[in-house]
Structures are given as C-alpha cells and as structure tokens.
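Chemist: Here it is, the structure in full.
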Amino acid sequence: MTSTADPAEQFAGQLSATTLLRFATAGSVDDGKSTLVGRLLHDSKSVLADQLEAVEHASRSRGQDAPDLALLTDGLRAEREQGITIDVAYRYFATPRRRFILADTPGHVQYTRNMVTGASTAELTVVLVDARNGVVEQTRRHAAIAALLRVPHVVLAVNKMDLVGYEESVFAAIAEEFTAYASELGVPEITAIPISALAGDNVVEASATMDWYGGPTVLEHLETVPVSHDLTGCHARFPVQYVIRPQTAEHPDYRGYAGQIAAGTFRVGESVTVLPSGLTSTIAGIDLLGTPVDVAWTPQSATLLLADDIDVSRGDIIVPSGDAPATTQDVEATVCHVADQPLTVGQRVLLKHTTRTVKAIVKDIPSRLTLDDLSQHPAPGQLVANDIGRVRVRTAEPLALDTYADSRRTGSFLLIDPADGTTLAAGMAGESFATARTAPVQDDEGWDF
C-alpha cells in the first residue's frame, strides 16, 4: 500500500524528529565559555585522542598540571596567548540522542560583532555568568542580542560556583536578576543552571555538591530542549542566486533560476510572483540535483523553471502569488552596529538583503538602546561599535522585506560601507523585541526560569 502523504509534510515530520540543534555560547570575558565548551566536548567523549594529546602538551608547556580544556576551542595563537576568545569557533559533535552545531563566540566587548554572527542561526544560546561577578553589562548586551535575533531558548549558566562555595543564594540572586531582565526583553524561554565548568559540575554529570539543584545538566537540557522545524507553515521565499542558460544543443531553451529556498515550500503548477517587479507566472518545473521533482522545500537548493519568459535576475525573490510581501523603499529596523567607524544620519550605505544589494541612505536614527534599564535614548545622531539602535533607511530600489519576527532569513539585512565593503551593522526589520511575558516562577523540582 503506497502512502498518499504530502512529501513536504513527510520530510518536515522526519526533520522535526531528528536530533540537530544549533546553539551558541555567549557571556562576558573570562566567564569560562571556552572551558565550558571544552568540558562539554571532553565529558561527552567528543574529543579525538590526538586533539586531547595536543591540549595536554600545550597545557604542560604553560606550566599547568591538568589539561586546559579551553584550548579545545581557542584555536587562534592570539587566543591562546591572551587567554581569550577572538573568533567564532564552530564545533560539531554528537551524542546518542542529538547532533550539535556549536558556535563558541567571544566575550570581550570588542568582539560583540562575532556574537551576532554566531547567534544569528542559533536555536539556543547559552549565556555564561561568573558567579563572583553576577550580571554585568556584557551579559545584558548578549541577552539583548539573543532577544533581537529571536533565539527561542536561552540557558543561563552560572559558572564558577566552586569559587563561591556552591551557595544556592548566590545562584538564586543571579538567576532572578537575569530572568527579570531577559523576560522584559521578551525572551520566550529561560533555563538557569548552576555549573562549574572547570570541575565539571552540572555540565555533563550532575553535581554531587549542589544537591539543592534538581534541574537538568547543561547536556541534558541541550539533548531534550524542543527544536521546531516547521517547514510547511512559513511564508515561502526563494531568493534567486543565479540564472542558468546553457544554450546548448541539448538544452537550447532552458532558463532556470537557481538558489536556496529561504522558507516554505514550492510546487510545480503553483502561481508565483517575482519581486520587486511584480511579474507573475507559474512554476513549470523544479530541478533538484539535476533531477525533476514536483515539490521542493527549505533549506534545499533548487532550480525553478517558469512557464513564462519574464525578466528574472539575481537578487529577485520568487514568492507564491497569494502570499507576497509588500515591497518598500523605506526600511525601519533595529540594528546591531558592528564596525569601528560610527553609523551617522545621512550616511550613504549599501543594503544587502538575501541575494540583493542596493544603494541606500540612513535617513534617521530615532533611538539607541540603554542596556542598564532598557530605556531608549532619543536621537543619538550616530551609533558606535556595539550599540543597538533603531534606524530608518531609504533604499534606491524597492525591497521585498519580511519582518524579522516572521522570518529570520528574509527579515534580516546588512548595512555595508560602499567604499571598502566593511560590514557596518546587522539589521532586523520590524519591531525590535518580542512582547514581554510574565516573569516565570520557580519550579518545584529545581530552577527552571
């Protein structure tokens, strides 16, 4: 008996049942992110023997008796010499229950831009706090970025509990302060876990010295946190990357539009609209890895063939005719400024949205976010490195821009310096933060904020 289920729905069901989780680590400098990641890799048996041997050798050369697990991720020579993380270190590991793609991001304020990069595709962010210092400005900045990027799950890992005598009251105070702050930003789920990355407490194995905590370890939470891969319910978007015209004897009239499906599902026979031109047609065929198929879905890379010979080029977006976003030349968004040079009112920039890059001008900077109390400082005139603020940008050509709340792929953009190609800011279109929810309460079985 053959199945009549929709192939896209079948695939979505399979993907939601798989075990892939993208997550990022963040926190202030010296809070122990690299040590946590090293402990996670080491204790979950995800470190190769030669890697561990190299770390042990490097640790001995620095006069350390025990292997410095932070060296498993601090790969750059400058990072090892300074004892800080500079670049985003990507690591891939797996347990029997789930596969992971980890982005270990820098903690130093100078490299906040790298945290934006690492968290932009994450489904979960682990924010570390030094139990001795509590919530500091960089902690708040990383929480704000996680909220802006709509990361659905945030873990507060209160590290170095061994240095405060494993006191429950210290953990409770930090967890309460961070949870109140992140909840006001609209972070949908916050889980607080007391850990010692150096000693291994509550990272992979439960701590024997913190019996007052009854929640999961970091790895247990990473393995069990629900990850949604809703491939069929989102707005379908297909940014065109390349036009394929072989013009050979075998394919004299072939005209295909290649790209990666940013969201949703496309089917043969579906009526579509090309933006920003507004021209309409019907999908006559879909090629996937050189094979004709009837349906394709995100994140597949495919080639769409249209029934009509219309003008389509790189930077255009193909969307279902009944679900087309409005095009606009006036963009209102929240940006994280990542360049050393300031962003000023009247500045000419390039705006890169999916595969399209257009000229633009910064018309206004209405406000800058004050991290201490989440107030908006009005009319700052400019944004400097690591600032978060609202901007209004006028583009030379219309863009098919979704709100970031609807689509992280087609609601985001970059502002670029046209002189040298430097990335100035990462932008999220539409409302800045999600609606704040009611502050959660303590779970009877342990801390779960």
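Residues in the structure tokens are named by chain (A, B, ... in the order shown) and by number from 1 within that chain; ligands are numbered from 1 in the order shown.
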Hey, could you make a per-residue contact list for stretch 236-306 of chain A against stretch 313-324 of chain A with 7 Å as the cut-off, showing the nearest pair of atoms and its distance in Å to one decimal, counting only C-alpha atoms, sorted by chain and number, as JSON lines?
Modeler:
```
{"residue": "A:Ala236", "atom": "CA", "partner": "A:Val319", "partner_atom": "CA", "distance": 6.0}
{"residue": "A:Arg237", "atom": "CA", "partner": "A:Val319", "partner_atom": "CA", "distance": 5.2}
{"residue": "A:Phe238", "atom": "CA", "partner": "A:Ile318", "partner_atom": "CA", "distance": 5.0}
{"residue": "A:Pro239", "atom": "CA", "partner": "A:Ile317", "partner_atom": "CA", "distance": 4.3}
{"residue": "A:Val240", "atom": "CA", "partner": "A:Arg314", "partner_atom": "CA", "distance": 5.1}
{"residue": "A:Gln241", "atom": "CA", "partner": "A:Arg314", "partner_atom": "CA", "distance": 5.0}
{"residue": "A:Tyr242", "atom": "CA", "partner": "A:Arg314", "partner_atom": "CA", "distance": 5.5}
{"residue": "A:Val243", "atom": "CA", "partner": "A:Ser313", "partner_atom": "CA", "distance": 6.4}
{"residue": "A:Ser271", "atom": "CA", "partner": "A:Ser321", "partner_atom": "CA", "distance": 5.7}
{"residue": "A:Val272", "atom": "CA", "partner": "A:Pro320", "partner_atom": "CA", "distance": 4.3}
{"residue": "A:Thr273", "atom": "CA", "partner": "A:Ser321", "partner_atom": "CA", "distance": 5.0}
{"residue": "A:Val274", "atom": "CA", "partner": "A:Ile318", "partner_atom": "CA", "distance": 4.6}
{"residue": "A:Leu275", "atom": "CA", "partner": "A:Ile317", "partner_atom": "CA", "distance": 5.2}
{"residue": "A:Pro276", "atom": "CA", "partner": "A:Asp316", "partner_atom": "CA", "distance": 6.6}
```
Chemist: Could those residues be written to a file, using N, CA and C atoms, as a CSV table (one decimal), in the first residue's frame?
Modeler:
```csv
chain,number,residue,atom,x,y,z
A,236,ALA,N,6.6,31.2,2.0
A,236,ALA,CA,7.6,30.6,1.0
A,236,ALA,C,8.3,31.7,0.4
A,237,ARG,N,9.7,31.6,0.4
A,237,ARG,CA,10.5,32.6,-0.2
A,237,ARG,C,11.7,32.0,-0.9
A,238,PHE,N,12.0,32.4,-2.2
A,238,PHE,CA,13.0,31.9,-3.0
A,238,PHE,C,13.9,33.0,-3.6
A,239,PRO,N,15.0,33.4,-2.9
A,239,PRO,CA,15.9,34.4,-3.5
A,239,PRO,C,16.7,33.8,-4.6
A,240,VAL,N,16.7,34.5,-5.7
A,240,VAL,CA,17.4,34.0,-6.9
A,240,VAL,C,18.9,34.3,-6.8
A,241,GLN,N,19.7,33.3,-6.9
A,241,GLN,CA,21.1,33.5,-6.8
A,241,GLN,C,21.8,33.5,-8.2
A,242,TYR,N,21.2,32.8,-9.1
A,242,TYR,CA,21.9,32.6,-10.4
A,242,TYR,C,20.9,32.2,-11.5
A,243,VAL,N,21.0,32.8,-12.7
A,243,VAL,CA,20.2,32.4,-13.8
A,243,VAL,C,21.0,31.4,-14.7
A,271,SER,N,1.1,29.2,-8.8
A,271,SER,CA,1.2,30.5,-9.3
A,271,SER,C,2.2,31.3,-8.4
A,272,VAL,N,3.2,32.0,-9.0
A,272,VAL,CA,4.2,32.7,-8.3
A,272,VAL,C,4.3,34.2,-8.8
A,273,THR,N,4.9,35.0,-8.0
A,273,THR,CA,5.2,36.4,-8.3
A,273,THR,C,6.6,36.7,-8.1
A,274,VAL,N,7.2,37.4,-9.0
A,274,VAL,CA,8.6,37.8,-8.9
A,274,VAL,C,8.7,39.2,-8.4
A,275,LEU,N,9.4,39.4,-7.3
A,275,LEU,CA,9.6,40.7,-6.7
A,275,LEU,C,11.0,41.2,-6.8
A,276,PRO,N,11.2,42.5,-7.0
A,276,PRO,CA,10.2,43.6,-6.8
A,276,PRO,C,9.4,44.0,-8.0
```
Chemist: Pick out the residues sitting within 10 Å of A:Thr95, and hand them over as a list in words; count only C-alpha atoms, and ignore anything fewer than 3 positions along from it in its own chain.
Modeler: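 Contacts, with the query itself left out: Thr19, Ser44, Lys45, Ser46, Arg98, Arg99, Phe100, Leu219 and Glu223 of chain A.
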Chemist: Emit the selected residues as an mmCIF file, in the first residue's frame, including C-alpha atoms.
Modeler:
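Done, and the output landed in out.cif:
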```
data_model
loop_
_atom_site.group_PDB
_atom_site.id
_atom_site.type_symbol
_atom_site.label_atom_id
_atom_site.label_comp_id
_atom_site.auth_asym_id
_atom_site.auth_seq_id
_atom_site.Cartn_x
_atom_site.Cartn_y
_atom_site.Cartn_z
ATOM 1 C CA THR A 19 18.485 15.414 16.609
ATOM 2 C CA SER A 44 30.646 13.687 26.250
ATOM 3 C CA LYS A 45 33.535 11.716 24.653
ATOM 4 C CA SER A 46 33.550 14.026 21.612
ATOM 5 C CA ARG A 98 21.168 14.525 19.307
ATOM 6 C CA ARG A 99 23.669 16.116 16.914
ATOM 7 C CA PHE A 100 25.002 19.601 17.621
ATOM 8 C CA LEU A 219 23.986 18.483 28.240
ATOM 9 C CA GLU A 223 19.595 16.965 24.377
#
```
Chemist: Any idea what the distance is between atom CA of A:Leu21 and atom CA of A:Ser34?
Modeler: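 The value is 18.7 Å.
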Chemist: Among stretch 197-284 of chain A, which residues carry a DSSP assignment of helix (DSSP H, G or I), reported as a list in words?
Modeler: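 Here are the helix (DSSP H, G or I) residues of stretch 197-284 of chain A: Val218, Leu219, Glu220, His221, Leu222, Glu223 and Thr224 of chain A.
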Chemist: With C-alpha atoms retained, write the just-selected residues as a CSV table (one decimal), in the first residue's frame.
Modeler:
```
chain,number,residue,atom,x,y,z
A,218,VAL,CA,23.7,21.5,30.5
A,219,LEU,CA,24.0,18.5,28.2
A,220,GLU,CA,20.7,17.0,29.4
A,221,HIS,CA,18.9,20.3,28.6
A,222,LEU,CA,20.7,20.5,25.2
A,223,GLU,CA,19.6,17.0,24.4
A,224,THR,CA,16.0,17.4,25.3
```
Chemist: Find the distance between atom CA of A:Asp253 and atom CA of A:Leu279 and write it in Å to one decimal.
Modeler: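 Interatomic distance, atom CA of A:Asp253 to atom CA of A:Leu279: 20.3 Å.
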Chemist: Per residue of stretch 124-176 of chain A within 10 Å of stretch 386-410 of chain A, what are the shortest atom pair and its distance in Å to one decimal, counting only C-alpha atoms, with rows by chain and residue number, as CSV?
Modeler:
```
residue,atom,partner,partner_atom,distance
A:Arg141,CA,A:Asn386,CA,8.6
A:Ala144,CA,A:Ile388,CA,8.7
A:Ile145,CA,A:Ile388,CA,8.5
A:Leu148,CA,A:Tyr404,CA,9.0
A:Leu149,CA,A:Arg408,CA,7.6
A:Arg150,CA,A:Ala405,CA,7.3
A:Val151,CA,A:Arg408,CA,9.8
```
Chemist: Do you know which residues are at most 8 Å from A:Val268 counting only C-alpha atoms, after dropping those on the same chain fewer than 2 positions away, and could you put them as a list in words?
Modeler: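 Final neighbour list, sorted by chain and number: Phe266, Glu270, Thr282, Ile283, Ala284, Gly285, Ile286, Asp294 and Val295 of chain A.
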Chemist: Include C-alpha atoms and write out the residues we just selected as a compact mmCIF listing (two decimals), in the first residue's frame.
Modeler:
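Once everything was written out, this is out_32.txt:
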```
# COMPACT_ATOMS: atom_id res chain seq x y z
CA PHE A 266 7.25 25.38 -3.75
CA GLU A 270 1.90 26.93 -8.37
CA THR A 282 3.54 29.56 -12.95
CA ILE A 283 6.18 27.07 -11.85
CA ALA A 284 6.62 24.81 -14.87
CA GLY A 285 9.29 22.60 -13.32
CA ILE A 286 11.66 22.14 -10.39
CA ASP A 294 7.22 18.06 -8.12
CA VAL A 295 7.95 19.82 -4.82
```
Chemist: Using only C-alpha atoms, which of the listed residues (A:Leu414, A:Ala175, A:Val384, A:Ala296) sits closest to A:Gly134?
Modeler: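 With only C-alpha atoms as the atom set, the closest residue is A:Ala175.
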Chemist: Atom CA of A:Val349 to atom CA of A:Val362: how many Å, to one decimal?
Modeler: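 These atoms are spaced 7.4 Å apart.
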Chemist: Could you list, as a PDB file with C-alpha atoms, in the first residue's frame, every residue within 8 Å of A:Ala122, counting only C-alpha atoms and ignoring same-chain residues fewer than 2 positions away?
Modeler:
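Written output follows (around10.pdb):
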```pdb
ATOM      1  CA  ARG A  22      22.342  24.744  16.559  1.00  0.00           C
ATOM      2  CA  PHE A  23      23.418  26.628  19.648  1.00  0.00           C
ATOM      3  CA  ALA A  24      25.825  29.397  20.617  1.00  0.00           C
ATOM      4  CA  GLY A 118      27.297  33.056  15.927  1.00  0.00           C
ATOM      5  CA  ALA A 119      23.779  33.543  17.304  1.00  0.00           C
ATOM      6  CA  SER A 120      22.118  34.559  14.033  1.00  0.00           C
ATOM      7  CA  LEU A 124      19.517  28.163  21.650  1.00  0.00           C
ATOM      8  CA  THR A 125      22.033  30.455  23.324  1.00  0.00           C
ATOM      9  CA  VAL A 151      16.643  32.966  19.658  1.00  0.00           C
TER      10      VAL A 151
END
```
Chemist: Output as a PyMOL selection string all residues of stretch 291-374 of chain A that backbone DSSP marks as strand (DSSP E).
Modeler: chain A and resi 291-293+295-297+301-306+317-320+327-337+343-344+348-353+356-370
Chemist: Could those selected residues go to a file with C-alpha atoms, as an mmCIF file, in the first residue's frame?
Modeler:
```
data_model
loop_
_atom_site.group_PDB
_atom_site.id
_atom_site.type_symbol
_atom_site.label_atom_id
_atom_site.label_comp_id
_atom_site.auth_asym_id
_atom_site.auth_seq_id
_atom_site.Cartn_x
_atom_site.Cartn_y
_atom_site.Cartn_z
ATOM 1 C CA THR A 291 16.511 15.563 -11.235
ATOM 2 C CA PRO A 292 12.999 16.884 -11.945
ATOM 3 C CA VAL A 293 10.746 16.885 -8.852
ATOM 4 C CA VAL A 295 7.954 19.817 -4.818
ATOM 5 C CA ALA A 296 10.923 21.422 -3.018
ATOM 6 C CA TRP A 297 11.234 22.969 0.429
ATOM 7 C CA SER A 301 18.935 24.302 -3.110
ATOM 8 C CA ALA A 302 16.863 24.007 -6.270
ATOM 9 C CA THR A 303 16.274 25.413 -9.730
ATOM 10 C CA LEU A 304 12.822 26.778 -10.605
ATOM 11 C CA LEU A 305 11.587 26.877 -14.215
ATOM 12 C CA LEU A 306 8.752 29.270 -15.019
ATOM 13 C CA ILE A 317 12.657 36.891 -4.889
ATOM 14 C CA ILE A 318 10.100 34.371 -6.145
ATOM 15 C CA VAL A 319 7.081 34.034 -3.828
ATOM 16 C CA PRO A 320 3.589 32.475 -4.001
ATOM 17 C CA THR A 327 7.791 45.934 -1.383
ATOM 18 C CA THR A 328 9.171 49.120 0.129
ATOM 19 C CA GLN A 329 11.994 51.598 -0.139
ATOM 20 C CA ASP A 330 11.601 52.772 3.470
ATOM 21 C CA VAL A 331 13.077 50.311 5.949
ATOM 22 C CA GLU A 332 12.560 50.640 9.702
ATOM 23 C CA ALA A 333 14.621 48.264 11.762
ATOM 24 C CA THR A 334 16.759 47.604 14.798
ATOM 25 C CA VAL A 335 20.465 47.248 14.102
ATOM 26 C CA CYS A 336 23.481 45.979 15.995
ATOM 27 C CA HIS A 337 26.350 48.230 14.972
ATOM 28 C CA LEU A 343 26.922 54.970 11.641
ATOM 29 C CA THR A 344 25.565 58.509 11.156
ATOM 30 C CA ARG A 348 25.368 56.519 2.246
ATOM 31 C CA VAL A 349 25.493 52.741 2.573
ATOM 32 C CA LEU A 350 24.797 49.532 0.711
ATOM 33 C CA LEU A 351 21.956 47.349 1.999
ATOM 34 C CA LYS A 352 22.319 43.611 1.384
ATOM 35 C CA HIS A 353 19.091 41.638 1.703
ATOM 36 C CA ARG A 356 20.110 41.572 -3.470
ATOM 37 C CA THR A 357 22.381 44.556 -2.740
ATOM 38 C CA VAL A 358 21.060 48.106 -3.254
ATOM 39 C CA LYS A 359 22.240 51.630 -2.546
ATOM 40 C CA ALA A 360 20.688 53.303 0.492
ATOM 41 C CA ILE A 361 20.954 56.286 2.800
ATOM 42 C CA VAL A 362 20.475 56.431 6.577
ATOM 43 C CA LYS A 363 17.600 58.897 6.962
ATOM 44 C CA ASP A 364 17.264 58.832 10.730
ATOM 45 C CA ILE A 365 18.494 57.155 13.929
ATOM 46 C CA PRO A 366 15.481 57.617 16.237
ATOM 47 C CA SER A 367 16.932 55.960 19.324
ATOM 48 C CA ARG A 368 19.722 53.975 20.939
ATOM 49 C CA LEU A 369 19.066 51.239 23.486
ATOM 50 C CA THR A 370 20.392 51.795 27.009
#
```
Chemist: Please determine, counting only C-alpha atoms, which residue among A:Cys234, A:Val37, A:Ala89, A:Ile416 has the shortest atom-to-atom distance to A:Thr298.
Modeler: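 Among the listed residues, the smallest separation from A:Thr298 belongs to A:Cys234.
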Chemist: From the set A:Leu163, A:Leu371, A:Ala157, A:Ala180, which residue has the shortest atom-to-atom contact distance to A:Val136, counting only C-alpha atoms?
Modeler: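 Ranked by minimum distance to A:Val136, first place goes to A:Leu371.
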Chemist: For A:Ile195, which of A:Asp287, A:Asp162, A:Asp308, A:Asp340 is the closest residue, counting only C-alpha atoms?
Modeler: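 Nearest candidate to A:Ile195 out of A:Asp287, A:Asp162, A:Asp308, A:Asp340: A:Asp162.
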